[in-house]
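Q: Have a peek at my_file.pdb (PDB, C-alpha atoms).
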```pdb
ATOM      1  CA  MET A   1       0.000   0.000   0.000
ATOM      2  CA  LEU A   2       2.763   2.448   0.926
ATOM      3  CA  ARG A   3       4.639   1.969  -2.319
ATOM      4  CA  SER A   4       1.646   2.765  -4.521
ATOM      5  CA  THR A   5       0.733   5.719  -2.351
ATOM      6  CA  VAL A   6       4.024   7.558  -2.844
ATOM      7  CA  ALA A   7       4.924   6.525  -6.402
ATOM      8  CA  ILE A   8       4.367  10.003  -7.860
ATOM      9  CA  PRO A   9       5.584  10.608 -11.434
ATOM     10  CA  VAL A  10       8.570  12.943 -11.244
ATOM     11  CA  ALA A  11       7.683  14.800 -14.446
ATOM     12  CA  VAL A  12       4.543  16.123 -12.796
ATOM     13  CA  LEU A  13       6.709  18.137 -10.420
ATOM     14  CA  ALA A  14       8.219  20.103 -13.263
ATOM     15  CA  VAL A  15       5.033  20.705 -15.173
ATOM     16  CA  LEU A  16       3.516  22.435 -12.180
ATOM     17  CA  ALA A  17       5.392  25.562 -13.160
ATOM     18  CA  ALA A  18       3.836  25.706 -16.587
ATOM     19  CA  GLY A  19       2.697  29.130 -17.722
ATOM     20  CA  ALA A  20      -0.836  30.144 -16.911
ATOM     21  CA  CYS A  21      -3.040  33.052 -16.060
ATOM     22  CA  SER A  22      -3.983  34.277 -12.633
ATOM     23  CA  SER A  23      -6.698  32.337 -10.819
ATOM     24  CA  SER A  24      -8.408  35.685 -10.148
ATOM     25  CA  ALA A  25      -9.145  35.953 -13.860
ATOM     26  CA  THR A  26     -12.245  37.874 -14.831
ATOM     27  CA  GLN A  27     -11.904  37.691 -18.598
ATOM     28  CA  CYS A  28      -9.648  34.768 -19.457
ATOM     29  CA  ARG A  29      -7.809  31.690 -18.245
ATOM     30  CA  VAL A  30      -5.343  31.115 -21.099
ATOM     31  CA  GLY A  31      -4.203  33.088 -24.115
ATOM     32  CA  ALA A  32      -6.598  31.227 -26.393
ATOM     33  CA  ASP A  33      -9.510  32.833 -24.492
ATOM     34  CA  CYS A  34      -8.516  36.237 -25.908
ATOM     35  CA  ALA A  35      -8.729  37.687 -29.412
ATOM     36  CA  SER A  36      -5.128  38.863 -29.047
ATOM     37  CA  GLY A  37      -3.990  35.472 -27.810
ATOM     38  CA  VAL A  38      -2.603  37.030 -24.618
ATOM     39  CA  CYS A  39      -4.058  36.642 -21.117
ATOM     40  CA  ASN A  40      -2.063  38.555 -18.512
ATOM     41  CA  SER A  41      -1.429  37.531 -14.912
ATOM     42  CA  SER A  42      -4.411  39.521 -13.638
ATOM     43  CA  GLY A  43      -6.760  37.494 -15.824
ATOM     44  CA  HIS A  44      -7.489  40.194 -18.397
ATOM     45  CA  CYS A  45      -7.109  40.012 -22.158
ATOM     46  CA  VAL A  46      -4.331  42.154 -23.575
ATOM     47  CA  PRO A  47      -5.442  44.204 -26.607
ATOM     48  CA  ALA A  48      -4.124  42.999 -29.934
ATOM     49  CA  SER A  49      -2.087  46.167 -30.321
ATOM     50  CA  SER A  50      -0.173  45.284 -27.153
ATOM     51  CA  SER A  51       0.831  41.808 -28.279
ATOM     52  CA  HIS A  52       4.512  40.983 -28.707
ATOM     53  CA  VAL A  53       6.081  39.112 -31.601
ATOM     54  CA  ASP A  54       7.329  35.741 -30.435
ATOM     55  CA  SER A  55       9.676  34.038 -32.863
ATOM     56  CA  GLY A  56       9.684  30.917 -30.766
ATOM     57  CA  VAL A  57       5.984  30.046 -30.803
ATOM     58  CA  THR A  58       4.216  28.873 -33.937
ATOM     59  CA  ALA A  59       0.449  28.714 -33.990
ATOM     60  CA  THR A  60      -1.051  25.618 -35.549
ATOM     61  CA  ASP A  61      -4.165  24.830 -37.525
ATOM     62  CA  SER A  62      -5.950  23.723 -34.363
ATOM     63  CA  GLY A  63      -7.733  27.048 -34.100
ATOM     64  CA  VAL A  64      -5.268  29.153 -32.117
ATOM     65  CA  THR A  65      -6.544  32.725 -32.035
ATOM     66  CA  ILE A  66      -4.222  35.315 -33.540
ATOM     67  CA  GLU A  67      -3.970  39.074 -33.385
ATOM     68  CA  ASP A  68      -6.668  39.909 -35.916
ATOM     69  CA  GLY A  69      -9.199  37.783 -34.060
ATOM     70  CA  GLY A  70      -9.243  35.059 -36.708
ATOM     71  CA  THR A  71      -7.912  31.526 -36.574
ATOM     72  CA  VAL A  72      -4.932  29.938 -38.255
ATOM     73  CA  ASP A  73      -5.515  27.471 -41.064
ATOM     74  CA  SER A  74      -1.830  26.867 -41.743
ATOM     75  CA  PRO A  75       1.221  27.197 -39.503
ATOM     76  CA  VAL A  76       2.368  30.791 -39.075
ATOM     77  CA  VAL A  77       4.731  32.387 -36.642
ATOM     78  CA  THR A  78       2.803  34.530 -34.182
ATOM     79  CA  ASP A  79       2.578  35.345 -30.497
ATOM     80  CA  THR A  80       0.296  32.960 -28.650
ATOM     81  CA  GLY A  81       0.914  35.061 -25.579
ATOM     82  CA  SER A  82       3.125  34.342 -22.611
ATOM     83  CA  PRO A  83       0.522  33.987 -19.874
ATOM     84  CA  PHE A  84       2.405  35.842 -17.142
ATOM     85  CA  GLU A  85       4.011  39.221 -16.665
ATOM     86  CA  GLY A  86       7.762  39.648 -16.400
ATOM     87  CA  ALA A  87       9.509  40.936 -13.304
ATOM     88  CA  ASP A  88       9.567  44.461 -14.747
ATOM     89  CA  GLY A  89       5.793  44.512 -15.193
ATOM     90  CA  GLY A  90       6.010  43.858 -18.922
ATOM     91  CA  PHE A  91       5.243  40.614 -20.656
ATOM     92  CA  CYS A  92       7.860  37.895 -20.841
ATOM     93  CA  VAL A  93       8.908  37.584 -24.470
ATOM     94  CA  PRO A  94      11.069  34.599 -25.507
ATOM     95  CA  ASN A  95      14.455  35.577 -26.918
ATOM     96  CA  ASN A  96      15.254  32.022 -28.028
ATOM     97  CA  ASP A  97      18.864  32.217 -26.920
ATOM     98  CA  GLY A  98      19.069  28.572 -25.882
ATOM     99  CA  THR A  99      19.186  29.417 -22.175
ATOM    100  CA  ILE A 100      16.173  29.522 -19.866
ATOM    101  CA  VAL A 101      16.715  31.764 -16.847
ATOM    102  CA  ARG A 102      14.659  32.140 -13.669
ATOM    103  CA  GLU A 103      12.696  35.115 -15.045
ATOM    104  CA  GLU A 104      11.513  32.921 -17.918
ATOM    105  CA  VAL A 105       9.926  30.268 -15.685
ATOM    106  CA  PRO A 106       6.756  31.231 -13.759
ATOM    107  CA  MET A 107       6.849  29.816 -10.218
ATOM    108  CA  LEU A 108       4.087  31.435  -8.189
ATOM    109  CA  PRO A 109       0.604  30.782  -6.814
ATOM    110  CA  GLY A 110      -2.556  31.765  -8.625
ATOM    111  CA  LEU A 111      -1.668  30.285 -12.022
ATOM    112  CA  HIS A 112      -3.623  27.797 -14.057
ATOM    113  CA  ALA A 113      -3.433  26.183 -17.487
ATOM    114  CA  ASN A 114      -5.206  23.427 -19.379
ATOM    115  CA  PHE A 115      -3.386  20.203 -20.203
ATOM    116  CA  GLU A 116      -4.420  17.193 -22.233
ATOM    117  CA  ILE A 117      -3.605  14.159 -20.067
ATOM    118  CA  ALA A 118      -3.594  10.493 -21.004
ATOM    119  CA  GLU A 119      -2.463   7.425 -19.056
ATOM    120  CA  ASN A 120      -0.767   4.240 -20.277
ATOM    121  CA  VAL A 121      -0.279   5.353 -23.873
ATOM    122  CA  THR A 122       2.257   4.857 -26.654
ATOM    123  CA  VAL A 123       4.458   7.901 -27.294
ATOM    124  CA  ASP A 124       7.596   8.831 -29.209
ATOM    125  CA  SER A 125       9.973  10.399 -26.704
ATOM    126  CA  ALA A 126      12.927  10.444 -29.117
ATOM    127  CA  GLY A 127      11.356  12.560 -31.839
ATOM    128  CA  VAL A 128      13.190  13.210 -35.115
ATOM    129  CA  MET A 129      16.886  14.129 -35.179
ATOM    130  CA  ASN A 130      17.612  17.116 -37.407
ATOM    131  CA  ALA A 131      20.779  17.670 -39.429
ATOM    132  CA  ASN A 132      21.935  20.441 -37.070
ATOM    133  CA  GLY A 133      21.706  18.201 -33.993
ATOM    134  CA  THR A 134      18.398  19.531 -32.711
ATOM    135  CA  ARG A 135      15.259  17.424 -32.490
ATOM    136  CA  SER A 136      11.640  17.822 -33.505
ATOM    137  CA  TRP A 137       8.852  16.312 -31.409
ATOM    138  CA  ASP A 138       5.159  16.138 -32.205
ATOM    139  CA  LEU A 139       2.860  15.486 -29.248
ATOM    140  CA  SER A 140      -0.099  17.359 -30.681
ATOM    141  CA  GLY A 141      -2.104  14.332 -31.767
ATOM    142  CA  ALA A 142      -4.926  12.789 -29.758
ATOM    143  CA  LEU A 143      -3.982   9.962 -27.404
ATOM    144  CA  SER A 144      -6.246   7.211 -26.119
ATOM    145  CA  GLY A 145      -8.082   8.404 -23.030
ATOM    146  CA  ASP A 146      -7.158  12.060 -23.520
ATOM    147  CA  HIS A 147      -9.011  14.441 -21.240
ATOM    148  CA  THR A 148      -8.517  18.120 -20.493
ATOM    149  CA  VAL A 149      -7.456  18.958 -16.941
ATOM    150  CA  LEU A 150      -7.099  22.400 -15.398
ATOM    151  CA  VAL A 151      -3.786  22.412 -13.502
ATOM    152  CA  THR A 152      -3.519  25.123 -10.835
ATOM    153  CA  THR A 153      -0.911  26.499  -8.479
ATOM    154  CA  ASP A 154      -2.540  27.479  -5.185
ATOM    155  CA  ALA A 155      -1.521  29.573  -2.185
ATOM    156  CA  PRO A 156       0.101  27.404   0.510
ATOM    157  CA  THR A 157      -1.387  29.301   3.450
ATOM    158  CA  GLY A 158      -4.463  28.439   5.481
ATOM    159  CA  HIS A 159      -4.217  24.661   5.149
ATOM    160  CA  TRP A 160      -3.864  22.006   7.835
ATOM    161  CA  PHE A 161      -0.264  21.381   6.736
ATOM    162  CA  SER A 162       0.820  25.025   6.248
ATOM    163  CA  ALA A 163       2.800  25.294   9.496
ATOM    164  CA  GLN A 164       4.966  22.369   8.400
ATOM    165  CA  PHE A 165       6.072  24.111   5.177
ATOM    166  CA  THR A 166       6.596  27.778   5.992
ATOM    167  CA  SER A 167       8.866  28.445   2.991
ATOM    168  CA  ALA A 168       6.397  27.044   0.432
ATOM    169  CA  THR A 169       5.522  29.124  -2.626
ATOM    170  CA  TYR A 170       2.515  27.128  -3.805
ATOM    171  CA  THR A 171       0.782  23.761  -3.772
ATOM    172  CA  THR A 172      -0.618  21.785  -6.673
ATOM    173  CA  LYS A 173      -2.210  18.436  -7.373
ATOM    174  CA  LEU A 174       0.474  15.954  -8.401
ATOM    175  CA  SER A 175      -1.530  13.409 -10.341
ATOM    176  CA  ASP A 176      -4.750  13.257 -12.279
ATOM    177  CA  THR A 177      -5.535   9.889 -10.689
ATOM    178  CA  ALA A 178      -4.820  10.713  -7.025
ATOM    179  CA  PRO A 179      -5.700  13.662  -4.743
ATOM    180  CA  LEU A 180      -2.208  14.211  -3.264
ATOM    181  CA  LEU A 181      -0.736  17.714  -3.341
ATOM    182  CA  GLY A 182       2.871  18.679  -3.894
ATOM    183  CA  VAL A 183       4.201  21.472  -1.704
ATOM    184  CA  LEU A 184       6.776  23.444  -3.687
ATOM    185  CA  GLU A 185       9.131  26.374  -3.251
ATOM    186  CA  GLY A 186      10.346  28.514  -6.122
ATOM    187  CA  THR A 187      13.834  29.950  -5.505
ATOM    188  CA  ASN A 188      16.279  31.888  -7.674
ATOM    189  CA  ALA A 189      17.949  28.633  -8.691
ATOM    190  CA  ALA A 190      15.342  25.877  -8.552
ATOM    191  CA  LEU A 191      11.831  24.591  -8.107
ATOM    192  CA  LEU A 192      12.011  22.510  -4.928
ATOM    193  CA  LEU A 193       9.663  19.776  -3.726
ATOM    194  CA  LEU A 194       9.279  20.299   0.020
ATOM    195  CA  GLY A 195       6.650  17.670   0.695
ATOM    196  CA  VAL A 196       3.596  15.686  -0.357
ATOM    197  CA  VAL A 197       0.299  15.986   1.519
ATOM    198  CA  SER A 198      -3.328  14.971   1.369
ATOM    199  CA  PRO A 199      -5.885  17.773   0.905
ATOM    200  CA  THR A 200      -7.459  17.025   4.294
ATOM    201  CA  SER A 201      -6.159  15.773   7.622
ATOM    202  CA  GLY A 202      -7.360  12.727   9.532
ATOM    203  CA  THR A 203      -6.409   9.193  10.454
ATOM    204  CA  GLY A 204      -5.591   8.364   6.833
ATOM    205  CA  GLN A 205      -3.722  11.552   6.054
ATOM    206  CA  THR A 206      -0.517  11.879   4.047
ATOM    207  CA  GLU A 207       2.173  14.291   5.226
ATOM    208  CA  LEU A 208       5.608  13.565   3.801
ATOM    209  CA  THR A 209       8.613  15.871   4.210
ATOM    210  CA  TYR A 210      11.681  15.886   1.951
ATOM    211  CA  ASN A 211      15.001  16.531   3.721
ATOM    212  CA  PRO A 212      16.666  18.207   1.957
ATOM    213  CA  PRO A 213      14.027  19.294  -0.575
ATOM    214  CA  ALA A 214      14.117  17.532  -3.932
ATOM    215  CA  ASN A 215      15.317  19.599  -6.885
ATOM    216  CA  ALA A 216      12.572  19.257  -9.493
ATOM    217  CA  LEU A 217      13.754  21.948 -11.915
ATOM    218  CA  GLY A 218      17.007  23.900 -12.027
ATOM    219  CA  VAL A 219      17.663  27.347 -13.525
ATOM    220  CA  PRO A 220      19.371  28.727 -15.476
ATOM    221  CA  MET A 221      19.377  25.812 -17.903
ATOM    222  CA  SER A 222      20.840  25.188 -21.329
ATOM    223  CA  LEU A 223      21.890  22.110 -23.281
ATOM    224  CA  GLY A 224      24.091  19.972 -21.031
ATOM    225  CA  THR A 225      23.013  21.536 -17.713
ATOM    226  CA  THR A 226      22.656  18.980 -14.895
ATOM    227  CA  TRP A 227      21.286  18.999 -11.345
ATOM    228  CA  SER A 228      20.538  16.373  -8.729
ATOM    229  CA  SER A 229      19.344  15.873  -5.172
ATOM    230  CA  ASN A 230      19.189  13.166  -2.522
ATOM    231  CA  SER A 231      16.324  13.302  -0.037
ATOM    232  CA  ASN A 232      15.178  11.367   2.987
ATOM    233  CA  VAL A 233      11.383  11.259   2.914
ATOM    234  CA  THR A 234       9.644  10.838   6.251
ATOM    235  CA  GLY A 235       6.179  11.227   7.723
ATOM    236  CA  THR A 236       2.926   9.433   7.079
ATOM    237  CA  ALA A 237       1.362   8.057   3.902
ATOM    238  CA  GLN A 238      -2.336   7.248   4.151
ATOM    239  CA  GLY A 239      -1.887   7.121   7.917
ATOM    240  CA  LEU A 240       1.085   4.738   7.801
ATOM    241  CA  VAL A 241       4.594   5.617   8.967
ATOM    242  CA  ALA A 242       6.864   6.292   5.980
ATOM    243  CA  ASP A 243      10.669   6.471   5.805
ATOM    244  CA  TYR A 244      12.471   6.055   2.494
ATOM    245  CA  PHE A 245      15.050   7.620   0.179
ATOM    246  CA  GLU A 246      14.723   9.391  -3.180
ATOM    247  CA  GLN A 247      17.437  10.398  -5.625
ATOM    248  CA  TYR A 248      16.713  12.788  -8.499
ATOM    249  CA  ALA A 249      19.188  13.101 -11.381
ATOM    250  CA  SER A 250      18.324  15.551 -14.176
ATOM    251  CA  LYS A 251      20.032  16.686 -17.361
ATOM    252  CA  VAL A 252      19.059  18.953 -20.244
ATOM    253  CA  ASP A 253      19.804  16.354 -22.880
ATOM    254  CA  ALA A 254      18.240  17.768 -26.045
ATOM    255  CA  GLN A 255      16.822  20.909 -27.638
ATOM    256  CA  GLY A 256      14.590  21.604 -30.609
ATOM    257  CA  THR A 257      10.927  22.219 -31.362
ATOM    258  CA  LEU A 258       7.882  20.616 -29.785
ATOM    259  CA  LYS A 259       4.359  20.657 -31.173
ATOM    260  CA  VAL A 260       1.550  20.379 -28.603
ATOM    261  CA  PRO A 261      -2.180  21.168 -28.930
ATOM    262  CA  TYR A 262      -1.487  24.785 -27.885
ATOM    263  CA  GLY A 263       1.106  25.404 -30.619
ATOM    264  CA  THR A 264       4.743  24.790 -31.550
ATOM    265  CA  PHE A 265       7.514  25.914 -29.187
ATOM    266  CA  ASN A 266      11.293  26.051 -29.018
ATOM    267  CA  VAL A 267      12.130  23.809 -26.052
ATOM    268  CA  LEU A 268      14.848  22.323 -23.930
ATOM    269  CA  ARG A 269      14.213  18.709 -22.902
ATOM    270  CA  VAL A 270      14.961  17.751 -19.304
ATOM    271  CA  GLN A 271      15.612  14.053 -18.723
ATOM    272  CA  THR A 272      15.067  13.001 -15.089
ATOM    273  CA  THR A 273      15.666   9.665 -13.392
ATOM    274  CA  LEU A 274      14.009   9.160 -10.013
ATOM    275  CA  THR A 275      15.384   6.304  -7.925
ATOM    276  CA  ARG A 276      13.278   5.503  -4.870
ATOM    277  CA  THR A 277      14.632   3.083  -2.257
ATOM    278  CA  LEU A 278      12.074   1.640   0.150
ATOM    279  CA  GLY A 279      12.749  -1.328   2.414
ATOM    280  CA  GLY A 280      16.015  -2.009   0.623
ATOM    281  CA  VAL A 281      14.253  -2.250  -2.772
ATOM    282  CA  ALA A 282      15.006   0.376  -5.432
ATOM    283  CA  THR A 283      12.557   1.358  -8.181
ATOM    284  CA  ILE A 284      13.250   3.687 -11.095
ATOM    285  CA  THR A 285      10.927   6.118 -12.854
ATOM    286  CA  ARG A 286      12.086   8.048 -15.921
ATOM    287  CA  SER A 287      10.562  11.249 -17.217
ATOM    288  CA  PHE A 288      10.980  14.046 -19.734
ATOM    289  CA  ALA A 289       9.895  17.650 -19.245
ATOM    290  CA  PHE A 290       9.842  19.966 -22.273
ATOM    291  CA  VAL A 291      10.552  23.522 -21.128
ATOM    292  CA  ALA A 292       9.834  26.672 -23.150
ATOM    293  CA  GLU A 293      10.936  30.216 -22.384
ATOM    294  CA  CYS A 294       8.224  32.254 -20.601
ATOM    295  CA  PHE A 295       5.860  29.260 -20.374
ATOM    296  CA  GLY A 296       7.910  26.819 -18.330
ATOM    297  CA  PRO A 297       7.299  23.101 -18.959
ATOM    298  CA  ILE A 298       4.638  22.735 -21.646
ATOM    299  CA  ALA A 299       4.635  18.928 -21.789
ATOM    300  CA  SER A 300       5.875  15.906 -19.862
ATOM    301  CA  LEU A 301       6.195  12.169 -20.395
ATOM    302  CA  THR A 302       6.492   9.767 -17.456
ATOM    303  CA  SER A 303       7.590   6.157 -17.882
ATOM    304  CA  GLN A 304       6.255   3.010 -16.326
ATOM    305  CA  THR A 305       8.083   1.850 -13.189
ATOM    306  CA  ASP A 306      11.523   0.331 -13.853
ATOM    307  CA  GLU A 307      11.616   1.333 -17.508
ATOM    308  CA  ALA A 308      14.954   0.115 -18.898
ATOM    309  CA  GLN A 309      15.204   2.418 -21.924
ATOM    310  CA  VAL A 310      16.050   6.112 -21.705
ATOM    311  CA  GLU A 311      13.954   6.807 -24.807
ATOM    312  CA  PHE A 312      10.736   5.019 -23.921
ATOM    313  CA  THR A 313       7.523   4.484 -25.870
ATOM    314  CA  ASN A 314       5.189   3.247 -23.125
ATOM    315  CA  ALA A 315       4.187   6.218 -20.977
ATOM    316  CA  ALA A 316       2.376   5.941 -17.674
ATOM    317  CA  GLU A 317       1.284   9.539 -18.242
ATOM    318  CA  ALA A 318       1.552  12.123 -21.029
ATOM    319  CA  ARG A 319       0.711  15.805 -20.501
ATOM    320  CA  ARG A 320       0.552  18.514 -23.172
ATOM    321  CA  LEU A 321      -0.427  22.175 -22.931
ATOM    322  CA  THR A 322      -3.715  22.873 -24.672
ATOM    323  CA  PRO A 323      -5.901  25.963 -25.228
TER     324      PRO A 323
END
```
Using structure tokens, write down the structure from this file.
A:
Amino acid sequence: MLRSTVAIPVAVLAVLAAGACSSSATQCRVGADCASGVCNSSGHCVPASSSHVDSGVTATDSGVTIEDGGTVDSPVVTDTGSPFEGADGGFCVPNNDGTIVREEVPMLPGLHANFEIAENVTVDSAGVMNANGTRSWDLSGALSGDHTVLVTTDAPTGHWFSAQFTSATYTTKLSDTAPLLGVLEGTNAALLLLGVVSPTSGTGQTELTYNPPANALGVPMSLGTTWSSNSNVTGTAQGLVADYFEQYASKVDAQGTLKVPYGTFNVLRVQTTLTRTLGGVATITRSFAFVAECFGPIASLTSQTDEAQVEFTNAAEARRLTP
């Protein structure tokens, strides 16, 4: 029981930072809700005249709204709208320099974005190798069991577990198939997993603490960047005492373009191997997070447990940003 309770796909941790609009939105939730294609962090549509050109995002023929209020019938380069404001109050505009810095990854509460999610599906994690060494991935097609899920980042205060995680930046649901929440902290250098909790307390509650916190996403990142962490995880899982070890090892192992239902993005691919040791038995989960400037991770693929191949085709979960 304990093992299944805590076997959370590592890629989910990264995708929590994906770009989105403020949860206090009054006009829009994502850029596709607006004629300009841009929903700012206060939840209001930005006029078309205020839109920025984004050379790194290509709208597709899936009906992405563009500046003139129409829809795209063939791929064109346009600005689908970074859904959060930059640190200077302006909109984050990708510069496509091959490096993703902290200011280009939204890590804060009050964000939300739609993702297409499917479980136990066949995928192509390797993509197509281009002559210049980059890769092209296409995850825009429908997968068996696809369903749209609104992923949110919520304020960490006022909950039964808040006092245990005073440095938390936000919480978010970790899996579409389980109610557990990840408690995360966004720093200048990383997105850290502080703990995993159940939404409510009680005799069957989950309250797991990572010591030290697990490094889910490191910044700045470029091709070849690596980061890792080793955490003792203690507490309770569904009311049972838990004490085990997790090792995260991540590397930006590829770059190129990724097509998802929302559009086509320039991305860096983060390969992560999670090794969990419980009762002397180690299990491995592999994952890929595809990270775009100003949006954060726009897609993730998580392997089945103990997948032997780095480039896998059988995904326990696939997530892709969608309008």
Q: Which residue, A:Thr234, A:Thr122, A:Asn130, A:Gln247, has the smallest gap to Val197 of chain A when you use only C-alpha atoms?
A: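 Among A:Thr234, A:Thr122, A:Asn130, A:Gln247, it is A:Thr234 that comes nearest to Val197 of chain A.
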Q: Could you expand the PyMOL selection byres ((chain A and resi 204-212) around 9) into the explicit residues it covers here, written as a PyMOL selection string?
A: chain A and resi 5+161+164-165+180+193-203+213-214+229-240+242-243+246
Q: Keeping only C-alpha atoms, write the selected residues to a file as a short mmCIF file (atom, residue, chain, number, x, y, z; two decimals), in the coordinates of the input.
A:
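Saved as result-v4.cif:
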```cif
data_model
loop_
_atom_site.label_atom_id
_atom_site.label_comp_id
_atom_site.auth_asym_id
_atom_site.auth_seq_id
_atom_site.Cartn_x
_atom_site.Cartn_y
_atom_site.Cartn_z
CA THR A 5 0.73 5.72 -2.35
CA PHE A 161 -0.26 21.38 6.74
CA GLN A 164 4.97 22.37 8.40
CA PHE A 165 6.07 24.11 5.18
CA LEU A 180 -2.21 14.21 -3.26
CA LEU A 193 9.66 19.78 -3.73
CA LEU A 194 9.28 20.30 0.02
CA GLY A 195 6.65 17.67 0.70
CA VAL A 196 3.60 15.69 -0.36
CA VAL A 197 0.30 15.99 1.52
CA SER A 198 -3.33 14.97 1.37
CA PRO A 199 -5.88 17.77 0.90
CA THR A 200 -7.46 17.02 4.29
CA SER A 201 -6.16 15.77 7.62
CA GLY A 202 -7.36 12.73 9.53
CA THR A 203 -6.41 9.19 10.45
CA PRO A 213 14.03 19.29 -0.57
CA ALA A 214 14.12 17.53 -3.93
CA SER A 229 19.34 15.87 -5.17
CA ASN A 230 19.19 13.17 -2.52
CA SER A 231 16.32 13.30 -0.04
CA ASN A 232 15.18 11.37 2.99
CA VAL A 233 11.38 11.26 2.91
CA THR A 234 9.64 10.84 6.25
CA GLY A 235 6.18 11.23 7.72
CA THR A 236 2.93 9.43 7.08
CA ALA A 237 1.36 8.06 3.90
CA GLN A 238 -2.34 7.25 4.15
CA GLY A 239 -1.89 7.12 7.92
CA LEU A 240 1.08 4.74 7.80
CA ALA A 242 6.86 6.29 5.98
CA ASP A 243 10.67 6.47 5.80
CA GLU A 246 14.72 9.39 -3.18
#
```
Q: In terms of the shortest atom-to-atom distance over all atoms listed in the file, which of A:Pro323, A:Gly182, A:Gly296, A:Pro261 is closest to Leu139 of chain A?
A: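 Selected residue with least distance to Leu139 of chain A: A:Pro261.
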Q: From the set A:Ser222, A:Gln309, A:Asn96, A:Thr283, which residue has the shortest atom-to-atom contact distance to Leu268 of chain A, counting only C-alpha atoms?
A: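 Once distances to Leu268 of chain A are computed over only C-alpha atoms, the minimum belongs to A:Ser222.
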Q: Quick one: pull the distance between atom CA of Lys173 of chain A and atom CA of Thr152 of chain A, Å, one decimal.
A: 7.6 Å
Q: Here's the selection I'm unsure about, the PyMOL selection byres ((chain A and resi 140) around 12); applied to the file above, which residues does it give, as a PyMOL selection string?
A: chain A and resi 59-62+115-117+123-124+137-139+141-143+146+258-265+298-299+318-323
Q: Closest to Thr172 of chain A among A:Ala315, A:Pro297, A:Val252, A:Gly110, using only C-alpha atoms?
A: A:Gly110
Q: May I ask for the distance between atom CA of Ser287 of chain A and atom CA of Thr257 of chain A, given in Å to one decimal place?
A: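 These atoms are spaced 17.9 Å apart.
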Q: To one decimal place in Å, what is the distance between atom CA of Ala289 of chain A and atom CA of Thr273 of chain A?
A: 11.5 Å
Q: Suppose a student applies the PyMOL selection byres ((chain A and resi 171) around 9) to this structure; what residues should they get, written as a PDB file with C-alpha atoms, in the coordinates of the input?
A:
```pdb
ATOM      1  CA  LEU A  16       3.516  22.435 -12.180  1.00  0.00           C
ATOM      2  CA  PRO A 109       0.604  30.782  -6.814  1.00  0.00           C
ATOM      3  CA  THR A 152      -3.519  25.123 -10.835  1.00  0.00           C
ATOM      4  CA  THR A 153      -0.911  26.499  -8.479  1.00  0.00           C
ATOM      5  CA  ASP A 154      -2.540  27.479  -5.185  1.00  0.00           C
ATOM      6  CA  ALA A 155      -1.521  29.573  -2.185  1.00  0.00           C
ATOM      7  CA  PRO A 156       0.101  27.404   0.510  1.00  0.00           C
ATOM      8  CA  ALA A 168       6.397  27.044   0.432  1.00  0.00           C
ATOM      9  CA  THR A 169       5.522  29.124  -2.626  1.00  0.00           C
ATOM     10  CA  TYR A 170       2.515  27.128  -3.805  1.00  0.00           C
ATOM     11  CA  THR A 172      -0.618  21.785  -6.673  1.00  0.00           C
ATOM     12  CA  LYS A 173      -2.210  18.436  -7.373  1.00  0.00           C
ATOM     13  CA  LEU A 181      -0.736  17.714  -3.341  1.00  0.00           C
ATOM     14  CA  GLY A 182       2.871  18.679  -3.894  1.00  0.00           C
ATOM     15  CA  VAL A 183       4.201  21.472  -1.704  1.00  0.00           C
ATOM     16  CA  LEU A 184       6.776  23.444  -3.687  1.00  0.00           C
ATOM     17  CA  GLU A 185       9.131  26.374  -3.251  1.00  0.00           C
TER      18      GLU A 185
END
```
Q: With N, CA, C and O atoms retained, output segment 227-233 of chain A as a PDB file, in the first residue's frame.
A:
```pdb
ATOM      1  N   TRP A 227      21.513  18.764 -12.764  1.00  0.00           N
ATOM      2  CA  TRP A 227      21.286  18.999 -11.345  1.00  0.00           C
ATOM      3  C   TRP A 227      20.795  17.703 -10.715  1.00  0.00           C
ATOM      4  O   TRP A 227      20.305  16.811 -11.410  1.00  0.00           O
ATOM      5  N   SER A 228      20.943  17.598  -9.416  1.00  0.00           N
ATOM      6  CA  SER A 228      20.538  16.373  -8.729  1.00  0.00           C
ATOM      7  C   SER A 228      20.242  16.682  -7.273  1.00  0.00           C
ATOM      8  O   SER A 228      20.593  17.758  -6.758  1.00  0.00           O
ATOM      9  N   SER A 229      19.613  15.735  -6.602  1.00  0.00           N
ATOM     10  CA  SER A 229      19.344  15.873  -5.172  1.00  0.00           C
ATOM     11  C   SER A 229      19.122  14.494  -4.575  1.00  0.00           C
ATOM     12  O   SER A 229      18.741  13.542  -5.271  1.00  0.00           O
ATOM     13  N   ASN A 230      19.400  14.402  -3.275  1.00  0.00           N
ATOM     14  CA  ASN A 230      19.189  13.166  -2.522  1.00  0.00           C
ATOM     15  C   ASN A 230      18.388  13.520  -1.276  1.00  0.00           C
ATOM     16  O   ASN A 230      18.836  14.348  -0.468  1.00  0.00           O
ATOM     17  N   SER A 231      17.220  12.913  -1.116  1.00  0.00           N
ATOM     18  CA  SER A 231      16.324  13.302  -0.037  1.00  0.00           C
ATOM     19  C   SER A 231      15.874  12.105   0.789  1.00  0.00           C
ATOM     20  O   SER A 231      15.526  11.049   0.235  1.00  0.00           O
ATOM     21  N   ASN A 232      15.863  12.299   2.101  1.00  0.00           N
ATOM     22  CA  ASN A 232      15.178  11.367   2.987  1.00  0.00           C
ATOM     23  C   ASN A 232      13.725  11.833   3.099  1.00  0.00           C
ATOM     24  O   ASN A 232      13.465  13.008   3.360  1.00  0.00           O
ATOM     25  N   VAL A 233      12.804  10.924   2.890  1.00  0.00           N
ATOM     26  CA  VAL A 233      11.383  11.259   2.914  1.00  0.00           C
ATOM     27  C   VAL A 233      10.757  10.577   4.125  1.00  0.00           C
ATOM     28  O   VAL A 233      10.802   9.343   4.249  1.00  0.00           O
TER      29      VAL A 233
END
```
